[in-house]
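*Asks:* See entry_22.txt below, with compact mmCIF, C-alpha atoms.
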# COMPACT_ATOMS: atom_id res chain seq x y z
CA MET A 48 229.74 97.91 187.27
CA MET A 49 233.45 97.56 187.98
CA PRO A 50 235.55 100.67 187.28
CA PRO A 51 237.81 100.37 184.23
CA LYS A 52 241.24 98.99 184.97
CA SER A 53 244.12 101.44 184.52
CA PRO A 54 246.72 100.53 181.89
CA SER A 55 249.99 99.14 183.20
CA PRO A 56 253.17 101.29 183.12
CA ALA A 57 254.39 99.16 180.22
CA VAL A 58 251.29 100.11 178.21
CA TYR A 59 251.91 103.80 178.92
CA GLN A 60 255.49 103.41 177.73
CA ILE A 61 254.37 101.76 174.50
CA ILE A 62 251.86 104.60 173.88
CA VAL A 63 254.49 107.28 174.41
CA GLU A 64 257.04 105.45 172.26
CA LYS A 65 254.51 105.21 169.42
CA LEU A 66 253.63 108.89 169.59
CA GLY A 67 254.66 110.83 166.50
CA GLU A 68 256.12 113.61 168.65
CA ALA A 69 259.27 113.93 170.73
CA VAL A 70 258.76 113.36 174.46
CA VAL A 71 261.24 114.09 177.25
CA LEU A 72 261.04 113.71 181.03
CA THR A 73 263.22 115.89 183.27
CA ASP A 74 263.69 115.90 187.03
CA LYS A 75 263.34 118.86 189.40
CA TYR A 76 266.95 119.83 188.61
CA GLU A 77 266.09 120.09 184.87
CA ASN A 78 268.19 117.03 184.00
CA VAL A 79 266.94 114.52 181.40
CA VAL A 80 265.59 111.37 183.01
CA TRP A 81 264.09 109.74 179.93
CA ALA A 82 263.50 110.55 176.23
CA ASN A 83 261.65 108.65 173.53
CA LYS A 84 263.06 107.70 170.12
CA HIS A 85 261.50 110.72 168.37
CA TYR A 86 263.25 113.05 170.81
CA CYS A 87 266.56 111.34 170.11
CA ASP A 88 265.96 111.49 166.34
CA LEU A 89 265.06 115.18 166.55
CA THR A 90 268.14 116.15 168.58
CA GLY A 91 270.61 113.73 167.01
CA TYR A 92 271.71 112.40 170.41
CA ASN A 93 271.40 108.81 171.57
CA PRO A 94 269.75 108.03 174.94
CA ASP A 95 273.09 107.51 176.75
CA GLU A 96 274.21 111.00 175.70
CA LEU A 97 271.00 112.58 176.98
CA ILE A 98 270.31 110.85 180.30
CA SER A 99 271.41 112.86 183.38
CA THR A 100 272.47 115.85 181.26
CA PRO A 101 270.87 119.32 181.68
CA ALA A 102 267.93 119.54 179.28
CA TRP A 103 268.51 123.25 178.66
CA GLN A 104 271.83 122.54 176.91
CA LEU A 105 269.88 121.67 173.77
CA TRP A 106 268.34 125.14 173.37
CA ASP A 107 269.36 128.60 172.19
CA GLU A 108 269.82 131.35 174.79
CA LYS A 109 266.35 132.85 174.46
CA THR A 110 264.68 129.44 174.80
CA LYS A 111 266.83 128.57 177.82
CA GLU A 112 265.36 131.57 179.65
CA LEU A 113 261.85 130.47 178.69
CA ILE A 114 262.49 126.92 179.88
CA HIS A 115 263.82 128.09 183.25
CA TYR A 116 260.76 130.33 183.67
CA HIS A 117 258.22 127.67 182.71
CA ASN A 118 259.93 125.03 184.85
CA GLN A 119 259.23 127.26 187.84
CA LEU A 120 255.56 127.15 186.83
CA ARG A 121 255.78 123.34 186.75
CA LYS A 122 256.79 123.37 190.42
CA GLN A 123 253.51 125.22 191.06
CA GLY A 124 251.59 122.50 189.24
CA LEU A 125 250.99 124.56 186.07
CA SER A 126 251.13 123.40 182.47
CA SER A 127 251.95 125.69 179.55
CA SER A 128 252.97 125.81 175.89
CA TYR A 129 255.44 128.10 174.14
CA GLN A 130 257.63 128.25 171.06
CA GLY A 131 261.40 127.90 171.09
CA THR A 132 264.48 126.92 169.12
CA MET A 133 266.18 123.57 169.70
CA LEU A 134 269.83 122.98 168.82
CA SER A 135 270.58 119.54 167.39
CA LYS A 136 273.87 117.70 167.88
CA ASP A 137 275.09 118.86 164.46
CA GLY A 138 274.24 122.51 165.26
CA LYS A 139 271.01 122.69 163.30
CA LYS A 140 268.40 125.13 164.65
CA ILE A 141 264.95 123.55 164.88
CA PRO A 142 261.82 125.68 165.52
CA VAL A 143 259.55 123.80 167.91
CA LEU A 144 256.43 124.12 170.03
CA ILE A 145 257.01 122.96 173.60
CA SER A 146 254.06 121.70 175.61
CA GLY A 147 255.03 120.95 179.21
CA SER A 148 253.26 119.55 182.25
CA PRO A 149 254.46 118.91 185.80
CA SER A 150 255.52 115.40 186.77
CA GLY A 151 254.91 113.98 190.20
CA ASP A 152 258.39 114.66 191.59
CA GLY A 153 258.80 118.34 190.66
CA GLY A 154 260.08 117.63 187.17
CA THR A 155 258.53 118.16 183.75
CA VAL A 156 257.03 116.06 180.99
CA GLY A 157 257.67 117.86 177.71
CA VAL A 158 256.11 117.10 174.33
CA ILE A 159 258.08 118.74 171.51
CA PHE A 160 256.39 119.46 168.17
CA ASN A 161 258.72 120.05 165.22
CA MET A 162 257.55 123.27 163.53
CA SER A 163 260.09 123.23 160.67
CA GLU A 164 257.51 122.48 157.96
CA HIS A 165 255.08 124.97 159.47
CA LYS A 166 257.79 127.65 159.49
CA ARG A 167 258.67 126.87 155.88
CA GLN A 168 255.03 127.34 154.91
CA GLU A 169 254.94 130.62 156.83
CA LEU A 170 257.98 131.84 154.90
CA VAL A 171 256.36 130.89 151.58
CA TYR A 172 253.15 132.72 152.49
CA GLU A 173 255.14 135.73 153.67
CA MET A 174 257.11 135.80 150.42
CA LEU A 175 253.88 135.62 148.40
CA LEU A 176 252.31 138.45 150.38
CA ARG A 177 255.38 140.62 150.03
CA HIS A 178 255.57 140.14 146.27
CA MET A 179 251.87 140.34 145.45
CA ASN A 180 250.81 143.05 143.03
CA GLU A 181 247.77 143.71 145.22
CA GLY A 182 247.68 145.46 148.54
CA VAL A 183 246.92 143.24 151.54
CA VAL A 184 245.69 144.44 154.92
CA VAL A 185 244.62 142.50 158.01
CA THR A 186 242.52 144.33 160.58
CA ASP A 187 241.26 143.39 164.04
CA ASN A 188 237.64 143.56 165.19
CA GLN A 189 238.02 147.31 165.76
CA GLY A 190 239.21 148.03 162.24
CA LYS A 191 242.83 148.64 163.26
CA ALA A 192 245.54 147.37 160.93
CA GLN A 193 247.51 144.39 162.23
CA PHE A 194 249.45 143.70 159.04
CA VAL A 195 250.02 145.43 155.70
CA ASN A 196 252.18 144.23 152.83
CA PRO A 197 254.64 146.40 150.84
CA LYS A 198 252.13 146.94 147.99
CA PHE A 199 249.60 148.41 150.45
CA CYS A 200 252.26 150.83 151.69
CA GLN A 201 253.24 151.71 148.13
CA LEU A 202 249.60 152.30 147.22
CA THR A 203 248.78 154.53 150.20
CA GLY A 204 252.14 156.18 150.81
CA TYR A 205 252.04 155.20 154.48
CA SER A 206 254.88 153.22 156.06
CA VAL A 207 254.21 150.10 158.13
CA ASP A 208 254.83 152.04 161.36
CA GLU A 209 252.40 154.76 160.27
CA ILE A 210 249.50 152.40 159.59
CA VAL A 211 249.83 149.30 161.80
CA GLY A 212 247.89 149.74 165.03
CA LYS A 213 245.78 152.54 163.56
CA SER A 214 242.35 152.61 161.93
CA THR A 215 242.46 151.95 158.18
CA MET A 216 239.75 154.60 157.71
CA ILE A 217 242.50 157.19 157.24
CA CYS A 218 243.14 155.52 153.86
CA TYR A 219 239.66 156.21 152.41
CA ASP A 220 237.63 159.23 151.36
CA PRO A 221 234.61 159.96 153.63
CA GLU A 222 232.05 158.16 151.46
CA SER A 223 234.24 155.07 151.07
CA ALA A 224 235.09 155.03 154.78
CA LYS A 225 231.35 154.75 155.52
CA LYS A 226 231.04 151.90 153.00
CA VAL A 227 234.01 150.00 154.47
CA ASP A 228 232.66 150.46 158.00
CA TYR A 229 229.19 149.26 156.96
CA VAL A 230 230.56 146.15 155.21
CA ASN A 231 232.78 145.28 158.20
CA GLU A 232 229.88 145.61 160.63
CA HIS A 233 227.11 143.97 158.58
CA GLU A 234 228.93 141.38 156.47
CA ARG A 235 232.33 140.45 157.90
CA LYS A 236 231.02 139.95 161.44
CA MET A 237 228.33 137.66 159.99
CA GLY A 238 231.00 135.58 158.24
CA ILE A 239 230.26 136.95 154.75
CA SER A 240 232.94 137.62 152.10
CA SER A 241 232.35 140.20 149.38
CA SER A 242 233.96 142.56 146.87
CA TYR A 243 233.17 146.19 146.20
CA GLU A 244 234.69 149.34 144.72
CA CYS A 245 235.67 152.42 146.67
CA THR A 246 238.18 155.27 146.69
CA MET A 247 241.35 155.29 148.72
CA VAL A 248 243.22 158.48 149.54
CA SER A 249 247.01 158.35 149.74
CA LYS A 250 249.07 160.13 152.37
CA LEU A 251 249.67 162.91 149.84
CA GLY A 252 245.96 163.22 149.05
CA ARG A 253 245.90 161.31 145.74
CA LYS A 254 242.58 159.57 145.11
CA ILE A 255 242.90 155.94 144.04
CA PRO A 256 239.97 153.88 142.70
CA VAL A 257 240.25 150.36 144.09
CA LEU A 258 238.46 147.02 144.27
CA ILE A 259 238.39 145.55 147.78
CA SER A 260 237.91 141.80 148.18
CA GLY A 261 237.40 141.08 151.87
CA SER A 262 236.92 137.99 153.99
CA PRO A 263 236.19 137.60 157.71
CA LEU A 264 238.73 136.24 160.18
CA GLU A 265 238.20 134.48 163.48
CA GLY A 266 237.81 136.99 166.27
CA GLY A 267 235.92 139.51 164.13
CA GLY A 268 238.82 140.79 162.05
CA THR A 269 239.08 141.10 158.27
CA ILE A 270 241.61 140.38 155.54
CA GLY A 271 241.32 142.66 152.55
CA ILE A 272 242.96 142.33 149.13
CA ILE A 273 243.07 145.68 147.36
CA THR A 274 243.42 146.00 143.59
CA ASP A 275 244.37 149.35 142.07
CA LEU A 276 241.81 150.20 139.35
CA THR A 277 243.54 153.39 138.16
CA GLU A 278 244.64 152.01 134.78
CA LEU A 279 241.31 150.23 134.25
CA LYS A 280 239.41 153.45 134.95
CA LYS A 281 241.64 155.32 132.51
CA ARG A 282 240.87 152.79 129.78
CA GLU A 283 237.15 152.95 130.57
CA SER A 284 237.27 156.75 130.28
CA MET A 285 239.11 156.50 126.96
CA TYR A 286 236.61 153.97 125.54
CA LYS A 287 233.72 156.17 126.67
CA MET A 288 235.25 159.20 124.94
CA LEU A 289 235.81 157.20 121.73
CA ILE A 290 232.20 155.97 121.71
CA GLU A 291 230.87 159.47 122.30
CA ASN A 292 233.03 160.84 119.46
CA MET A 293 231.89 158.01 117.17
CA ASN A 294 228.26 158.90 117.86
CA GLN A 295 228.93 162.54 117.04
CA ALA A 296 230.61 161.57 113.76
CA VAL A 297 227.65 159.38 112.80
Would you give me this structure, written as structure tokens?
*Replies:*
Amino acid sequence: MMPPKSPSPAVYQIIVEKLGEAVVLTDKYENVVWANKHYCDLTGYNPDELISTPAWQLWDEKTKELIHYHNQLRKQGLSSSYQGTMLSKDGKKIPVLISGSPSGDGGTVGVIFNMSEHKRQELVYEMLLRHMNEGVVVTDNQGKAQFVNPKFCQLTGYSVDEIVGKSTMICYDPESAKKVDYVNEHERKMGISSSYECTMVSKLGRKIPVLISGSPLEGGGTIGIITDLTELKKRESMYKMLIENMNQAV
């Protein structure tokens, strides 16, 4: 059987031009040699304005440093990906993911993914988490907090700095801590979501009845949504007292 014939350079060019992402080729001096239409559309520059100009001129200061560093890796034949901020011709800042690979002459082939929509979604999710009326905590596979929202801090009395990076077991009474640990070991790590009640203890020692709804995360961590049941428990106690008093009257 004859080996498959390699596509011609013209075919490669058509493929790259049709890609939905921005593509740029730089030489070993970090000057732009070629850029596709999506790269031009993203930056706002036409091809004549880009060719032979330093590629790093289109980036903020922090990203420039990253580009210089990763271009040294290219000269060692290494590929890598990293996030950065591109500056368009009209001064707009564009969050992007840069995926670069070495070219044959010491330069770089860079594929630029526009992360603007992704960043907008992140901001929406962050806003929702910060304004939720439930506490939210994300832990790693060792039970250490990686993220807590403002409601969690309000509920427990701990600041972000006091809880992130530490075991969340300090937020529970001994019996509840055992329950949380058991659920994390026997349900979350098996990919099982569940809800259960337990008692949290604030920094000042106040006991708080809560409902925890937890789900597993990739890597063995957990996301927990914590609902304060204090008012519900008060109403339950009041209803119980009323029923008992009604029985006595009867």
*Asks:* Counting only C-alpha atoms, figure out which residue out of A:Ile290, A:Thr186, A:Met216, A:Pro221 gets nearest to Thr269 of chain A.
*Replies:*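 Going through A:Ile290, A:Thr186, A:Met216, A:Pro221 one by one, the smallest distance to Thr269 of chain A is for A:Thr186.
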*Asks:* Find, counting all atoms listed in the file, the residue in A:Lys122, A:His233, A:His115, A:Lys136 that gets nearest to Tyr86 of chain A.
*Replies:* A:Lys136
*Asks:* Please provide the set of residues having any atom within 9 Å of Pro142 of chain A, restricted to all atoms listed in the file, with same-chain residues fewer than 6 positions apart removed, written as a ChimeraX atom specification.
*Replies:* /A:130-133,160-163,166
*Asks:* With distances taken over only C-alpha atoms, which of A:Glu291, A:Glu112, A:Asp74, A:Asp187 is nearest to Lys236 of chain A?
*Replies:*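 Using only C-alpha atoms, Lys236 of chain A sits closest to A:Asp187.
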*Asks:* Show which residues sit within 10 Å of Leu113 of chain A, as JSON, numbers by chain. Count only C-alpha atoms, and ignore same-chain residues fewer than 4 positions away.
*Replies:* {"A": [103, 106, 108, 109, 117, 118, 129, 130, 131]}
*Asks:* With a distance cut-off of 8 Å and only C-alpha atoms, select the neighbouring residues of Ser135 of chain A, excluding the residue or stretch itself and same-chain residues fewer than 2 positions from it, and output the selection as a short mmCIF file (atom, residue, chain, number, x, y, z; two decimals) with C-alpha atoms, in the frame of the given file.
*Replies:*
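Output (part_11.cif):
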data_model
loop_
_atom_site.label_atom_id
_atom_site.label_comp_id
_atom_site.auth_asym_id
_atom_site.auth_seq_id
_atom_site.Cartn_x
_atom_site.Cartn_y
_atom_site.Cartn_z
CA LEU A 89 265.06 115.18 166.55
CA THR A 90 268.14 116.15 168.58
CA GLY A 91 270.61 113.73 167.01
CA TYR A 92 271.71 112.40 170.41
CA LEU A 105 269.88 121.67 173.77
CA MET A 133 266.18 123.57 169.70
CA ASP A 137 275.09 118.86 164.46
CA GLY A 138 274.24 122.51 165.26
CA LYS A 139 271.01 122.69 163.30
CA LYS A 140 268.40 125.13 164.65
CA ILE A 141 264.95 123.55 164.88
#
*Asks:* I need the residue nearest Leu264 of chain A from this list: A:Leu134, A:Ile239, A:Ala82, A:Val71. Use all atoms listed in the file for the distance.
*Replies:*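 Going through A:Leu134, A:Ile239, A:Ala82, A:Val71 one by one, the smallest distance to Leu264 of chain A is for A:Ile239.
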*Asks:* Enclose the full set of atoms of segment 233-241 of chain A listed in the file within a box whose edges lie along x, y and z, apply 3 Å of padding to each of the six sides, and report centre and edge lengths in Å to one decimal as AutoDock Vina command-line options.
*Replies:*
--center_x 230.0 --center_y 139.8 --center_z 155.4 --size_x 11.8 --size_y 14.4 --size_z 18.1
*Asks:* Quick one: everything within 9 Å of Ile270 of chain A, counting all atoms listed in the file, minus sequence neighbours fewer than 4 positions away in the same chain. Send it as a PyMOL selection string.
*Replies:* chain A and resi 183-186+260-264
*Asks:* Emit the selected residues as a compact mmCIF listing (two decimals), in the frame of the given file, including C-alpha atoms.
*Replies:*
# COMPACT_ATOMS: atom_id res chain seq x y z
CA VAL A 183 246.92 143.24 151.54
CA VAL A 184 245.69 144.44 154.92
CA VAL A 185 244.62 142.50 158.01
CA THR A 186 242.52 144.33 160.58
CA SER A 260 237.91 141.80 148.18
CA GLY A 261 237.40 141.08 151.87
CA SER A 262 236.92 137.99 153.99
CA PRO A 263 236.19 137.60 157.71
CA LEU A 264 238.73 136.24 160.18
*Asks:* Might you pull out every residue within 9 Å of Ser126 of chain A, with only C-alpha atoms counted and same-chain residues fewer than 5 positions away left off, and present them as a list of chain:residue names?
*Replies:*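 Non-adjacent residues within range: A:His117, A:Leu120, A:Arg121, A:Ser146, A:Gly147, A:Ser148, A:Pro149.
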*Asks:* Would you mind exporting the chosen residues as an mmCIF file, in the frame of the given file, restricted to C-alpha atoms?
*Replies:*
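In the end it all went to again_17.cif:
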data_model
loop_
_atom_site.group_PDB
_atom_site.id
_atom_site.type_symbol
_atom_site.label_atom_id
_atom_site.label_comp_id
_atom_site.auth_asym_id
_atom_site.auth_seq_id
_atom_site.Cartn_x
_atom_site.Cartn_y
_atom_site.Cartn_z
ATOM 1 C CA HIS A 117 258.220 127.670 182.710
ATOM 2 C CA LEU A 120 255.560 127.150 186.830
ATOM 3 C CA ARG A 121 255.780 123.340 186.750
ATOM 4 C CA SER A 146 254.060 121.700 175.610
ATOM 5 C CA GLY A 147 255.030 120.950 179.210
ATOM 6 C CA SER A 148 253.260 119.550 182.250
ATOM 7 C CA PRO A 149 254.460 118.910 185.800
#
*Asks:* Provide the atom CA of Asn83 of chain A to atom CA of Val158 of chain A distance in Å, to one decimal place.
*Replies:*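 Spanning atom CA of Asn83 of chain A to atom CA of Val158 of chain A is a straight-line distance of 10.1 Å.
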*Asks:* Please tell me which residues are no farther than 8 Å from (254.9, 118.2, 191.8) in the file, counting only C-alpha atoms, and write them as a PyMOL selection string.
*Replies:* chain A and resi 121-124+149-154
*Asks:* With C-alpha atoms kept, could you save the residues just selected as a PDB file, keeping the file's coordinate frame?
*Replies:*
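What follows is the written file result.pdb:
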ATOM      1  CA  ARG A 121     255.780 123.340 186.750  1.00  0.00           C
ATOM      2  CA  LYS A 122     256.790 123.370 190.420  1.00  0.00           C
ATOM      3  CA  GLN A 123     253.510 125.220 191.060  1.00  0.00           C
ATOM      4  CA  GLY A 124     251.590 122.500 189.240  1.00  0.00           C
ATOM      5  CA  PRO A 149     254.460 118.910 185.800  1.00  0.00           C
ATOM      6  CA  SER A 150     255.520 115.400 186.770  1.00  0.00           C
ATOM      7  CA  GLY A 151     254.910 113.980 190.200  1.00  0.00           C
ATOM      8  CA  ASP A 152     258.390 114.660 191.590  1.00  0.00           C
ATOM      9  CA  GLY A 153     258.800 118.340 190.660  1.00  0.00           C
ATOM     10  CA  GLY A 154     260.080 117.630 187.170  1.00  0.00           C
TER      11      GLY A 154
END
*Asks:* So what do you get for atom CA of Pro94 of chain A versus atom CA of Tyr76 of chain A, distance-wise?
*Replies:*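 Straight-line distance from atom CA of Pro94 of chain A to atom CA of Tyr76 of chain A works out to 18.3 Å.
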*Asks:* Have a look at atom CA of Asp88 of chain A and atom CA of Val70 of chain A and let me know their distance in Å, one decimal.
*Replies:*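 So the answer is 11.0 Å.
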*Asks:* Counting all atoms listed in the file, which residue out of A:His85, A:Arg235, A:Lys198, A:Lys225 sits closest to Ile159 of chain A?
*Replies:*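 Ranking A:His85, A:Arg235, A:Lys198, A:Lys225 by distance to Ile159 of chain A, first place goes to A:His85.
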